[in-house]
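Source file work35.cif; content: mmCIF, C-alpha atoms.
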data_my_file
#
loop_
_atom_site.label_atom_id
_atom_site.label_comp_id
_atom_site.auth_asym_id
_atom_site.auth_seq_id
_atom_site.Cartn_x
_atom_site.Cartn_y
_atom_site.Cartn_z
CA MET Q 1 -18.09 140.85 -130.31
CA SER Q 2 -20.57 143.70 -130.44
CA LYS Q 3 -19.09 145.89 -127.68
CA VAL Q 4 -15.52 146.85 -126.85
CA VAL Q 5 -15.47 148.66 -123.51
CA LEU Q 6 -12.33 150.67 -122.71
CA VAL Q 7 -11.90 151.44 -119.00
CA THR Q 8 -9.47 154.29 -118.25
CA GLY Q 9 -8.03 154.27 -114.75
CA GLY Q 10 -8.73 150.55 -114.98
CA THR Q 11 -6.05 149.54 -112.47
CA GLY Q 12 -7.47 151.64 -109.62
CA LEU Q 13 -10.04 150.93 -106.94
CA ILE Q 14 -13.18 151.13 -109.12
CA GLY Q 15 -11.52 149.69 -112.24
CA LYS Q 16 -10.38 146.60 -110.35
CA ALA Q 17 -13.87 146.16 -108.87
CA ILE Q 18 -15.48 146.37 -112.34
CA GLU Q 19 -12.92 143.84 -113.61
CA THR Q 20 -13.80 141.47 -110.74
CA VAL Q 21 -17.55 141.70 -111.50
CA ILE Q 22 -17.05 141.32 -115.28
CA LYS Q 23 -14.84 138.24 -114.78
CA GLU Q 24 -17.62 136.63 -112.75
CA GLU Q 25 -20.29 137.61 -115.30
CA ASN Q 26 -18.21 136.69 -118.37
CA PRO Q 27 -20.56 138.50 -120.83
CA ALA Q 28 -20.57 136.93 -124.32
CA ASP Q 29 -21.12 140.14 -126.31
CA GLU Q 30 -18.63 142.44 -124.54
CA ARG Q 31 -14.84 142.65 -124.53
CA TRP Q 32 -13.53 144.74 -121.66
CA VAL Q 33 -10.10 146.41 -121.84
CA PHE Q 34 -8.66 147.86 -118.63
CA VAL Q 35 -5.89 150.45 -119.06
CA GLY Q 36 -3.81 152.25 -116.43
CA SER Q 37 -1.29 155.10 -116.34
CA LYS Q 38 1.45 152.75 -117.59
CA ASP Q 39 -0.50 152.23 -120.85
CA ALA Q 40 -0.80 155.90 -121.85
CA ASP Q 41 -0.30 159.42 -120.52
CA LEU Q 42 -3.87 160.68 -120.88
CA THR Q 43 -2.78 164.33 -120.46
CA ASP Q 44 -1.06 163.86 -123.86
CA LEU Q 45 -3.46 163.95 -126.83
CA ALA Q 46 -1.22 161.95 -129.19
CA ALA Q 47 -0.66 159.17 -126.63
CA THR Q 48 -4.39 159.06 -125.87
CA ARG Q 49 -5.22 158.93 -129.59
CA ALA Q 50 -2.79 156.01 -130.09
CA MET Q 51 -4.52 154.11 -127.27
CA PHE Q 52 -7.99 154.71 -128.77
CA VAL Q 53 -6.82 153.66 -132.25
CA LYS Q 54 -5.23 150.51 -130.80
CA HIS Q 55 -8.32 149.34 -128.89
CA GLN Q 56 -11.12 150.79 -131.11
CA PRO Q 57 -13.62 151.07 -128.25
CA THR Q 58 -17.37 151.24 -128.88
CA HIS Q 59 -17.93 152.24 -125.22
CA VAL Q 60 -15.76 154.01 -122.63
CA VAL Q 61 -15.86 153.98 -118.84
CA HIS Q 62 -13.72 156.99 -117.88
CA LEU Q 63 -12.32 156.61 -114.35
CA ALA Q 64 -8.81 158.04 -114.84
CA ALA Q 65 -8.08 161.16 -112.80
CA MET Q 66 -5.43 162.75 -110.67
CA VAL Q 67 -6.90 162.15 -107.21
CA GLY Q 68 -6.00 162.55 -103.55
CA GLY Q 69 -7.41 162.90 -100.06
CA LEU Q 70 -8.18 166.11 -98.15
CA PHE Q 71 -4.62 167.02 -97.13
CA HIS Q 72 -3.06 166.30 -100.55
CA ASN Q 73 -5.74 168.31 -102.39
CA MET Q 74 -5.33 171.41 -100.23
CA SER Q 75 -1.75 172.01 -101.40
CA ASN Q 76 -2.02 171.08 -105.10
CA ASN Q 77 -5.12 172.78 -106.50
CA LEU Q 78 -3.48 174.00 -109.72
CA ASP Q 79 -2.07 170.56 -110.62
CA PHE Q 80 -5.40 168.90 -109.87
CA PHE Q 81 -7.22 171.39 -112.10
CA ARG Q 82 -4.86 171.37 -115.12
CA LYS Q 83 -4.17 167.61 -115.27
CA ASN Q 84 -7.80 166.61 -114.88
CA MET Q 85 -8.94 169.19 -117.46
CA LEU Q 86 -6.44 167.78 -119.97
CA ILE Q 87 -7.36 164.15 -119.29
CA ASN Q 88 -11.11 164.75 -119.57
CA ASP Q 89 -10.86 166.90 -122.69
CA ASN Q 90 -8.67 164.31 -124.45
CA ILE Q 91 -10.91 161.35 -123.55
CA LEU Q 92 -14.13 163.03 -124.69
CA LEU Q 93 -12.60 164.54 -127.85
CA LEU Q 94 -11.30 161.13 -128.98
CA SER Q 95 -14.53 159.39 -127.99
CA HIS Q 96 -16.30 161.85 -130.29
CA GLU Q 97 -13.76 161.50 -133.11
CA LEU Q 98 -13.83 157.69 -133.01
CA LYS Q 99 -17.64 157.65 -132.79
CA VAL Q 100 -17.79 155.90 -129.41
CA LYS Q 101 -21.46 155.05 -128.73
CA LYS Q 102 -21.40 155.85 -125.03
CA VAL Q 103 -19.05 157.28 -122.41
CA VAL Q 104 -19.69 157.00 -118.67
CA SER Q 105 -17.39 159.32 -116.70
CA CYS Q 106 -16.87 159.37 -112.96
CA LEU Q 107 -17.56 162.52 -110.94
CA SER Q 108 -17.46 162.82 -107.14
CA THR Q 109 -19.71 164.11 -104.35
CA CYS Q 110 -16.92 166.52 -103.28
CA ILE Q 111 -17.63 168.63 -106.40
CA PHE Q 112 -20.99 169.86 -105.07
CA PRO Q 113 -21.37 173.40 -103.71
CA ASP Q 114 -19.93 173.90 -100.23
CA LYS Q 115 -22.96 175.91 -99.13
CA THR Q 116 -25.94 173.75 -100.01
CA SER Q 117 -29.07 172.15 -98.65
CA TYR Q 118 -29.12 168.42 -97.93
CA PRO Q 119 -29.61 165.89 -99.30
CA ILE Q 120 -27.66 166.87 -102.41
CA ASP Q 121 -29.17 165.78 -105.72
CA GLU Q 122 -28.05 165.76 -109.36
CA THR Q 123 -29.53 169.19 -110.16
CA MET Q 124 -27.27 171.02 -107.69
CA ILE Q 125 -23.80 170.40 -109.15
CA HIS Q 126 -23.28 173.93 -110.50
CA ASN Q 127 -25.24 175.87 -107.86
CA GLY Q 128 -22.26 177.53 -106.16
CA PRO Q 129 -18.52 177.22 -105.51
CA PRO Q 130 -17.18 173.90 -104.21
CA HIS Q 131 -15.39 173.50 -100.86
CA ASP Q 132 -12.24 175.61 -100.87
CA SER Q 133 -9.94 172.73 -99.94
CA ASN Q 134 -10.23 171.01 -103.33
CA PHE Q 135 -11.57 173.64 -105.72
CA GLY Q 136 -9.11 172.66 -108.48
CA TYR Q 137 -10.20 169.03 -108.64
CA SER Q 138 -13.89 169.94 -108.19
CA HIS Q 139 -14.05 172.48 -111.01
CA ALA Q 140 -12.24 170.12 -113.40
CA LYS Q 141 -14.73 167.35 -112.57
CA ARG Q 142 -17.70 169.69 -113.01
CA MET Q 143 -16.46 170.49 -116.51
CA ILE Q 144 -17.06 166.85 -117.52
CA ASP Q 145 -20.77 167.54 -117.09
CA VAL Q 146 -20.45 170.74 -119.16
CA LEU Q 147 -18.58 168.86 -121.93
CA ASN Q 148 -21.12 166.01 -121.89
CA ARG Q 149 -24.02 168.42 -122.39
CA ALA Q 150 -22.18 170.36 -125.11
CA TYR Q 151 -21.18 167.24 -127.08
CA ASN Q 152 -24.76 166.02 -126.82
CA GLN Q 153 -26.25 169.36 -127.88
CA GLN Q 154 -23.85 169.87 -130.79
CA TYR Q 155 -23.39 166.30 -132.04
CA GLY Q 156 -25.92 164.09 -130.23
CA ASP Q 157 -23.15 162.13 -128.46
CA MET Q 158 -24.26 159.96 -125.52
CA PHE Q 159 -21.67 161.04 -122.96
CA THR Q 160 -22.92 160.82 -119.38
CA SER Q 161 -21.56 160.82 -115.83
CA VAL Q 162 -22.09 159.18 -112.46
CA VAL Q 163 -21.48 160.65 -109.02
CA PRO Q 164 -20.44 158.03 -106.46
CA CYS Q 165 -20.34 158.72 -102.75
CA ASN Q 166 -17.12 157.73 -100.88
CA VAL Q 167 -15.83 154.48 -102.37
CA PHE Q 168 -13.71 151.88 -100.55
CA GLY Q 169 -12.64 148.28 -101.08
CA PRO Q 170 -9.83 146.01 -102.30
CA HIS Q 171 -7.08 147.62 -104.46
CA ASP Q 172 -7.60 151.05 -102.88
CA ASN Q 173 -4.74 153.51 -102.48
CA PHE Q 174 -3.43 153.09 -98.92
CA VAL Q 175 -0.51 155.56 -99.26
CA PRO Q 176 -0.33 157.83 -96.19
CA GLY Q 177 -1.08 161.48 -96.90
CA VAL Q 178 -2.63 160.69 -100.29
CA SER Q 179 -5.26 158.14 -99.33
CA HIS Q 180 -8.90 158.76 -98.44
CA VAL Q 181 -10.30 158.22 -94.96
CA ILE Q 182 -10.98 154.43 -94.95
CA PRO Q 183 -7.74 153.22 -96.60
CA GLY Q 184 -5.81 155.81 -94.58
CA MET Q 185 -7.19 154.43 -91.32
CA ILE Q 186 -6.73 150.80 -92.40
CA HIS Q 187 -3.07 151.49 -93.16
CA ARG Q 188 -2.45 153.33 -89.87
CA LEU Q 189 -4.23 150.75 -87.72
CA HIS Q 190 -2.36 147.89 -89.41
CA GLU Q 191 0.98 149.69 -88.79
CA LEU Q 192 0.06 150.30 -85.14
CA MET Q 193 -0.93 146.68 -84.56
CA PHE Q 194 1.67 144.74 -86.55
CA VAL Q 195 4.55 147.00 -87.58
CA LYS Q 196 5.27 149.44 -84.72
CA ASP Q 197 6.46 147.63 -81.57
CA PRO Q 198 4.88 144.30 -82.58
CA ASP Q 199 5.86 142.85 -79.18
CA GLN Q 200 3.98 145.48 -77.17
CA PRO Q 201 0.64 144.10 -75.98
CA GLN Q 202 -2.25 145.54 -77.97
CA GLU Q 203 -4.18 146.50 -74.86
CA GLY Q 204 -1.63 149.27 -74.24
CA LYS Q 205 -1.85 150.71 -77.76
CA VAL Q 206 -3.89 153.79 -78.69
CA PHE Q 207 -5.26 154.36 -82.18
CA SER Q 208 -5.62 158.04 -83.00
CA VAL Q 209 -8.61 158.98 -85.17
CA TYR Q 210 -8.12 162.31 -86.98
CA GLY Q 211 -10.64 164.97 -85.97
CA THR Q 212 -13.67 164.76 -83.68
CA GLY Q 213 -15.15 161.58 -85.19
CA LYS Q 214 -18.44 163.42 -85.70
CA PRO Q 215 -18.53 164.04 -89.48
CA LEU Q 216 -20.99 161.82 -91.37
CA ARG Q 217 -20.26 160.03 -94.63
CA GLN Q 218 -22.00 157.68 -97.05
CA PHE Q 219 -19.59 154.91 -98.01
CA ILE Q 220 -20.16 152.58 -100.96
CA TYR Q 221 -18.33 149.24 -101.30
CA SER Q 222 -16.40 149.17 -104.59
CA LEU Q 223 -18.01 145.91 -105.76
CA ASP Q 224 -21.50 147.38 -105.31
CA LEU Q 225 -20.44 150.50 -107.21
CA ALA Q 226 -18.97 148.33 -109.99
CA LYS Q 227 -22.34 146.61 -110.53
CA LEU Q 228 -24.05 150.01 -110.73
CA PHE Q 229 -21.46 151.34 -113.20
CA ILE Q 230 -22.08 148.35 -115.47
CA TRP Q 231 -25.84 148.93 -115.22
CA VAL Q 232 -25.36 152.61 -116.20
CA LEU Q 233 -23.24 151.61 -119.20
CA ARG Q 234 -25.85 149.15 -120.44
CA GLU Q 235 -29.16 150.71 -119.42
CA TYR Q 236 -28.98 154.40 -118.43
CA ASP Q 237 -29.40 156.61 -121.50
CA SER Q 238 -29.33 160.24 -120.44
CA VAL Q 239 -26.59 162.89 -120.37
CA GLU Q 240 -27.91 163.99 -116.96
CA PRO Q 241 -25.59 162.83 -114.16
CA ILE Q 242 -26.83 160.11 -111.79
CA ILE Q 243 -25.74 159.78 -108.16
CA LEU Q 244 -24.59 156.25 -107.26
CA SER Q 245 -24.84 156.23 -103.49
CA VAL Q 246 -26.01 154.09 -100.63
CA ASP Q 247 -29.30 155.08 -98.99
CA GLU Q 248 -29.28 158.15 -96.74
CA SER Q 249 -30.26 156.02 -93.75
CA THR Q 250 -26.92 154.15 -93.92
CA GLU Q 251 -24.72 157.22 -93.36
CA VAL Q 252 -22.00 156.53 -90.75
CA SER Q 253 -19.91 158.81 -88.56
CA ILE Q 254 -16.11 158.70 -88.63
CA ALA Q 255 -16.32 157.37 -85.05
CA GLN Q 256 -18.57 154.48 -86.18
CA LEU Q 257 -16.14 153.79 -89.01
CA ALA Q 258 -13.24 153.62 -86.53
CA GLU Q 259 -15.21 151.16 -84.36
CA SER Q 260 -16.05 148.99 -87.39
CA LEU Q 261 -12.36 148.90 -88.37
CA ALA Q 262 -11.27 148.07 -84.81
CA LYS Q 263 -13.75 145.17 -84.84
CA ALA Q 264 -12.58 143.94 -88.27
CA PHE Q 265 -8.93 144.01 -87.11
CA GLU Q 266 -9.89 142.59 -83.69
CA PHE Q 267 -7.97 145.53 -82.18
CA LYS Q 268 -7.87 145.31 -78.38
CA GLY Q 269 -6.45 148.78 -77.68
CA LYS Q 270 -8.11 152.17 -77.26
CA LEU Q 271 -9.51 154.64 -79.78
CA GLU Q 272 -9.02 158.34 -79.20
CA PHE Q 273 -9.83 161.44 -81.26
CA ASP Q 274 -7.15 163.94 -82.26
CA THR Q 275 -9.15 167.16 -82.35
CA THR Q 276 -6.13 169.18 -83.54
CA LYS Q 277 -6.69 167.60 -87.00
CA ALA Q 278 -9.17 169.04 -89.51
CA ASP Q 279 -12.60 167.41 -89.84
CA GLY Q 280 -13.36 168.53 -93.41
CA GLN Q 281 -17.03 168.99 -94.25
CA TYR Q 282 -19.44 167.86 -91.52
CA LYS Q 283 -21.64 166.02 -94.00
CA LYS Q 284 -22.18 165.61 -97.73
CA THR Q 285 -25.42 163.59 -97.69
CA ALA Q 286 -26.44 162.67 -101.23
CA SER Q 287 -29.87 161.50 -102.36
CA ASN Q 288 -30.03 158.30 -104.39
CA ALA Q 289 -33.74 158.82 -105.22
CA LYS Q 290 -33.02 158.89 -108.97
CA LEU Q 291 -31.07 155.61 -108.77
CA ARG Q 292 -33.80 154.04 -106.62
CA LYS Q 293 -36.43 155.01 -109.21
CA HIS Q 294 -34.53 152.87 -111.74
CA LEU Q 295 -33.32 150.13 -109.35
CA PRO Q 296 -35.67 149.97 -106.34
CA HIS Q 297 -34.49 146.51 -105.25
CA PHE Q 298 -30.70 146.87 -105.52
CA LYS Q 299 -29.11 145.40 -102.37
CA PHE Q 300 -26.00 147.12 -100.99
CA THR Q 301 -23.43 145.09 -99.04
CA ASP Q 302 -23.71 145.62 -95.28
CA PHE Q 303 -21.12 148.22 -94.18
CA ASP Q 304 -19.45 146.09 -91.48
CA VAL Q 305 -19.24 143.11 -93.86
CA ALA Q 306 -17.66 145.28 -96.59
CA ILE Q 307 -15.18 146.75 -94.07
CA LYS Q 308 -14.26 143.25 -92.87
CA ASP Q 309 -13.72 142.07 -96.49
CA THR Q 310 -11.55 145.12 -97.27
CA VAL Q 311 -9.43 144.66 -94.13
CA GLN Q 312 -9.06 140.97 -94.96
CA TRP Q 313 -7.93 141.84 -98.49
CA TYR Q 314 -5.39 144.35 -97.15
CA ILE Q 315 -3.90 141.87 -94.69
CA GLU Q 316 -3.68 139.13 -97.33
CA ASN Q 317 -2.26 141.47 -100.01
CA TYR Q 318 -0.17 143.67 -97.74
CA GLU Q 319 3.03 143.23 -99.80
CA GLN Q 320 1.41 144.27 -103.11
CA ALA Q 321 -1.01 146.93 -101.79
CA ARG Q 322 -0.40 150.58 -102.66
CA LYS Q 323 0.95 151.96 -99.41
#
Target encoding structure tokens, full file:
Amino acid sequence: MSKVVLVTGGTGLIGKAIETVIKEENPADERWVFVGSKDADLTDLAATRAMFVKHQPTHVVHLAAMVGGLFHNMSNNLDFFRKNMLINDNILLLSHELKVKKVVSCLSTCIFPDKTSYPIDETMIHNGPPHDSNFGYSHAKRMIDVLNRAYNQQYGDMFTSVVPCNVFGPHDNFVPGVSHVIPGMIHRLHELMFVKDPDQPQEGKVFSVYGTGKPLRQFIYSLDLAKLFIWVLREYDSVEPIILSVDESTEVSIAQLAESLAKAFEFKGKLEFDTTKADGQYKKTASNAKLRKHLPHFKFTDFDVAIKDTVQWYIENYEQARK
């Protein structure tokens, strides 16, 4: 075995997708180890060190983070900042100490400046303060890029980062109040259709979409993102972050998302928009020009197909899903 790849946060949405792709690929020269929060408290340096010593990774995919959707972030900025700072510092320090050849860490498009021009690209990360709703999480994530550059400058370490757009797919977190927009809506629509008054005819039911439905988002299917992560680990050798996003032309509105979900669930009721709820940022369009320069022919899964697959997974795995 030439490579041992340790994946932190390996039981989450992206980790599970990478595991699925790797199982299909079955690479001969790589052993992949997926660890979750049950395996080690990554805010604790000693526990993190023990995990590194146990697995002796040559490569690390760092996905672990304290995460949450818009409404959860707004009320916990200090926790999001401190825990993520500790996790990231521990992972990169031990990767350096144990002479890990490469680390690929996961950033997020929500870390970009709130006041910015669009499309966003990789050079803009530190150009101004992030959106006020999640400044704790955003600043902690930005510091990964600072650490990567510093480790590279001082020691020549190959620590890099990727910036995915909004990710969705099987094994997502569907817990109300914590989840992101797609899993949150899947959970609520499923409850409305099958849990609340299951005998009431669907035609009379109304699904409430939070906000105006107008905000635009780029959504990437977790299995597509997993393939790109694996490509970055094997082929992309720069400390500069790289945005992993679908093409700008495939941006969808929250209203289009709601319609796609209704179709996937074969929901016969009505959709309406609850404009008393916050919209969040109107758009966060990210440019994938850098990715496209490297991988001009990469084919992303069609949005409606990916939504249908995710809904199908949720229905089939309802008992085990995080909700």
Query raised in the report: Care to translate the PyMOL selection byres ((chain Q and resi 231-234) around 12) into actual residues of this file, as a VMD selection string?
Result: chain Q and resid 3 to 7 18 21 to 22 27 29 to 30 58 to 62 101 to 106 158 to 163 224 to 230 235 to 244 291 294 to 295 298
Any chance you can output those residues with C-alpha atoms as a short mmCIF file (atom, residue, chain, number, x, y, z; two decimals), in the coordinates of the input?
data_model
loop_
_atom_site.label_atom_id
_atom_site.label_comp_id
_atom_site.auth_asym_id
_atom_site.auth_seq_id
_atom_site.Cartn_x
_atom_site.Cartn_y
_atom_site.Cartn_z
CA LYS Q 3 -19.09 145.89 -127.68
CA VAL Q 4 -15.52 146.85 -126.85
CA VAL Q 5 -15.47 148.66 -123.51
CA LEU Q 6 -12.33 150.67 -122.71
CA VAL Q 7 -11.90 151.44 -119.00
CA ILE Q 18 -15.48 146.37 -112.34
CA VAL Q 21 -17.55 141.70 -111.50
CA ILE Q 22 -17.05 141.32 -115.28
CA PRO Q 27 -20.56 138.50 -120.83
CA ASP Q 29 -21.12 140.14 -126.31
CA GLU Q 30 -18.63 142.44 -124.54
CA THR Q 58 -17.37 151.24 -128.88
CA HIS Q 59 -17.93 152.24 -125.22
CA VAL Q 60 -15.76 154.01 -122.63
CA VAL Q 61 -15.86 153.98 -118.84
CA HIS Q 62 -13.72 156.99 -117.88
CA LYS Q 101 -21.46 155.05 -128.73
CA LYS Q 102 -21.40 155.85 -125.03
CA VAL Q 103 -19.05 157.28 -122.41
CA VAL Q 104 -19.69 157.00 -118.67
CA SER Q 105 -17.39 159.32 -116.70
CA CYS Q 106 -16.87 159.37 -112.96
CA MET Q 158 -24.26 159.96 -125.52
CA PHE Q 159 -21.67 161.04 -122.96
CA THR Q 160 -22.92 160.82 -119.38
CA SER Q 161 -21.56 160.82 -115.83
CA VAL Q 162 -22.09 159.18 -112.46
CA VAL Q 163 -21.48 160.65 -109.02
CA ASP Q 224 -21.50 147.38 -105.31
CA LEU Q 225 -20.44 150.50 -107.21
CA ALA Q 226 -18.97 148.33 -109.99
CA LYS Q 227 -22.34 146.61 -110.53
CA LEU Q 228 -24.05 150.01 -110.73
CA PHE Q 229 -21.46 151.34 -113.20
CA ILE Q 230 -22.08 148.35 -115.47
CA GLU Q 235 -29.16 150.71 -119.42
CA TYR Q 236 -28.98 154.40 -118.43
CA ASP Q 237 -29.40 156.61 -121.50
CA SER Q 238 -29.33 160.24 -120.44
CA VAL Q 239 -26.59 162.89 -120.37
CA GLU Q 240 -27.91 163.99 -116.96
CA PRO Q 241 -25.59 162.83 -114.16
CA ILE Q 242 -26.83 160.11 -111.79
CA ILE Q 243 -25.74 159.78 -108.16
CA LEU Q 244 -24.59 156.25 -107.26
CA LEU Q 291 -31.07 155.61 -108.77
CA HIS Q 294 -34.53 152.87 -111.74
CA LEU Q 295 -33.32 150.13 -109.35
CA PHE Q 298 -30.70 146.87 -105.52
#
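Closest approach to Q:Ser133 among Q:Thr301, Q:Thr11, Q:Ser260, Q:Asn76: Q:Asn76, based on only C-alpha atoms.
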Report task. Would you mind reading off the distance between atom CA of Q:Gly269 and atom CA of Q:Leu192, one decimal, in Å? Result ->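 The value is 10.0 Å.
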**Report entry** Matched chain/residue IDs from the PyMOL selection byres ((chain Q and resi 126) around 9), as a PyMOL selection string
**Finding:** chain Q and resi 111-113+123-125+127-130+142
Requested in this report: Identify which of the residues Q:Ile307, Q:Ala47, Q:Cys110, Q:Met85 lies closest to Q:Ser222, counting only C-alpha atoms when measuring atom-to-atom distances.
Outcome: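 The answer is Q:Ile307, which sits nearest to Q:Ser222.
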Report task. I would like the residues chosen by the PyMOL selection byres ((chain Q and resi 82) around 12) on the shown file; could you give them as a PyMOL selection string? Result -> chain Q and resi 43+65-66+76-81+83-89+135-141+143
Save out the residues we just selected, C-alpha atoms, as a PDB file, keeping the file's coordinate frame.
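The new file out-v7.pdb reads:
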ATOM      1  CA  THR Q  43      -2.780 164.330-120.460  1.00  0.00           C
ATOM      2  CA  ALA Q  65      -8.080 161.160-112.800  1.00  0.00           C
ATOM      3  CA  MET Q  66      -5.430 162.750-110.670  1.00  0.00           C
ATOM      4  CA  ASN Q  76      -2.020 171.080-105.100  1.00  0.00           C
ATOM      5  CA  ASN Q  77      -5.120 172.780-106.500  1.00  0.00           C
ATOM      6  CA  LEU Q  78      -3.480 174.000-109.720  1.00  0.00           C
ATOM      7  CA  ASP Q  79      -2.070 170.560-110.620  1.00  0.00           C
ATOM      8  CA  PHE Q  80      -5.400 168.900-109.870  1.00  0.00           C
ATOM      9  CA  PHE Q  81      -7.220 171.390-112.100  1.00  0.00           C
ATOM     10  CA  LYS Q  83      -4.170 167.610-115.270  1.00  0.00           C
ATOM     11  CA  ASN Q  84      -7.800 166.610-114.880  1.00  0.00           C
ATOM     12  CA  MET Q  85      -8.940 169.190-117.460  1.00  0.00           C
ATOM     13  CA  LEU Q  86      -6.440 167.780-119.970  1.00  0.00           C
ATOM     14  CA  ILE Q  87      -7.360 164.150-119.290  1.00  0.00           C
ATOM     15  CA  ASN Q  88     -11.110 164.750-119.570  1.00  0.00           C
ATOM     16  CA  ASP Q  89     -10.860 166.900-122.690  1.00  0.00           C
ATOM     17  CA  PHE Q 135     -11.570 173.640-105.720  1.00  0.00           C
ATOM     18  CA  GLY Q 136      -9.110 172.660-108.480  1.00  0.00           C
ATOM     19  CA  TYR Q 137     -10.200 169.030-108.640  1.00  0.00           C
ATOM     20  CA  SER Q 138     -13.890 169.940-108.190  1.00  0.00           C
ATOM     21  CA  HIS Q 139     -14.050 172.480-111.010  1.00  0.00           C
ATOM     22  CA  ALA Q 140     -12.240 170.120-113.400  1.00  0.00           C
ATOM     23  CA  LYS Q 141     -14.730 167.350-112.570  1.00  0.00           C
ATOM     24  CA  MET Q 143     -16.460 170.490-116.510  1.00  0.00           C
TER      25      MET Q 143
END
Query raised in the report: Pick the closest to Q:Ala286 from Q:Phe194, Q:Phe219, Q:Tyr318, Q:Phe300: which is it, counting only C-alpha atoms?
Result: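 For Q:Ala286, the nearest of the candidates is Q:Phe219.
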Query raised in the report: Smallest atom-to-atom distance to Q:Asp145: which of Q:Glu266, Q:Asp199, Q:Tyr221, Q:Ser108, using only C-alpha atoms?
Result: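 Going through Q:Glu266, Q:Asp199, Q:Tyr221, Q:Ser108 one by one, the smallest distance to Q:Asp145 is for Q:Ser108.
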**Report entry** Pairwise distance for atom CA of Q:Thr285 and atom CA of Q:Lys299, rounded to one decimal in Å
**Finding:** 19.1 Å
Query raised in the report: Between Q:Leu147, Q:Val67, Q:Ala28, Q:Ala40, which is the closest to Q:Gly12 once you count all atoms listed in the file?
Result: Q:Val67
Query raised in the report: At what distance in Å, to one decimal, does atom CA of Q:Tyr314 lie from atom CA of Q:Phe174?
Result: 9.1 Å
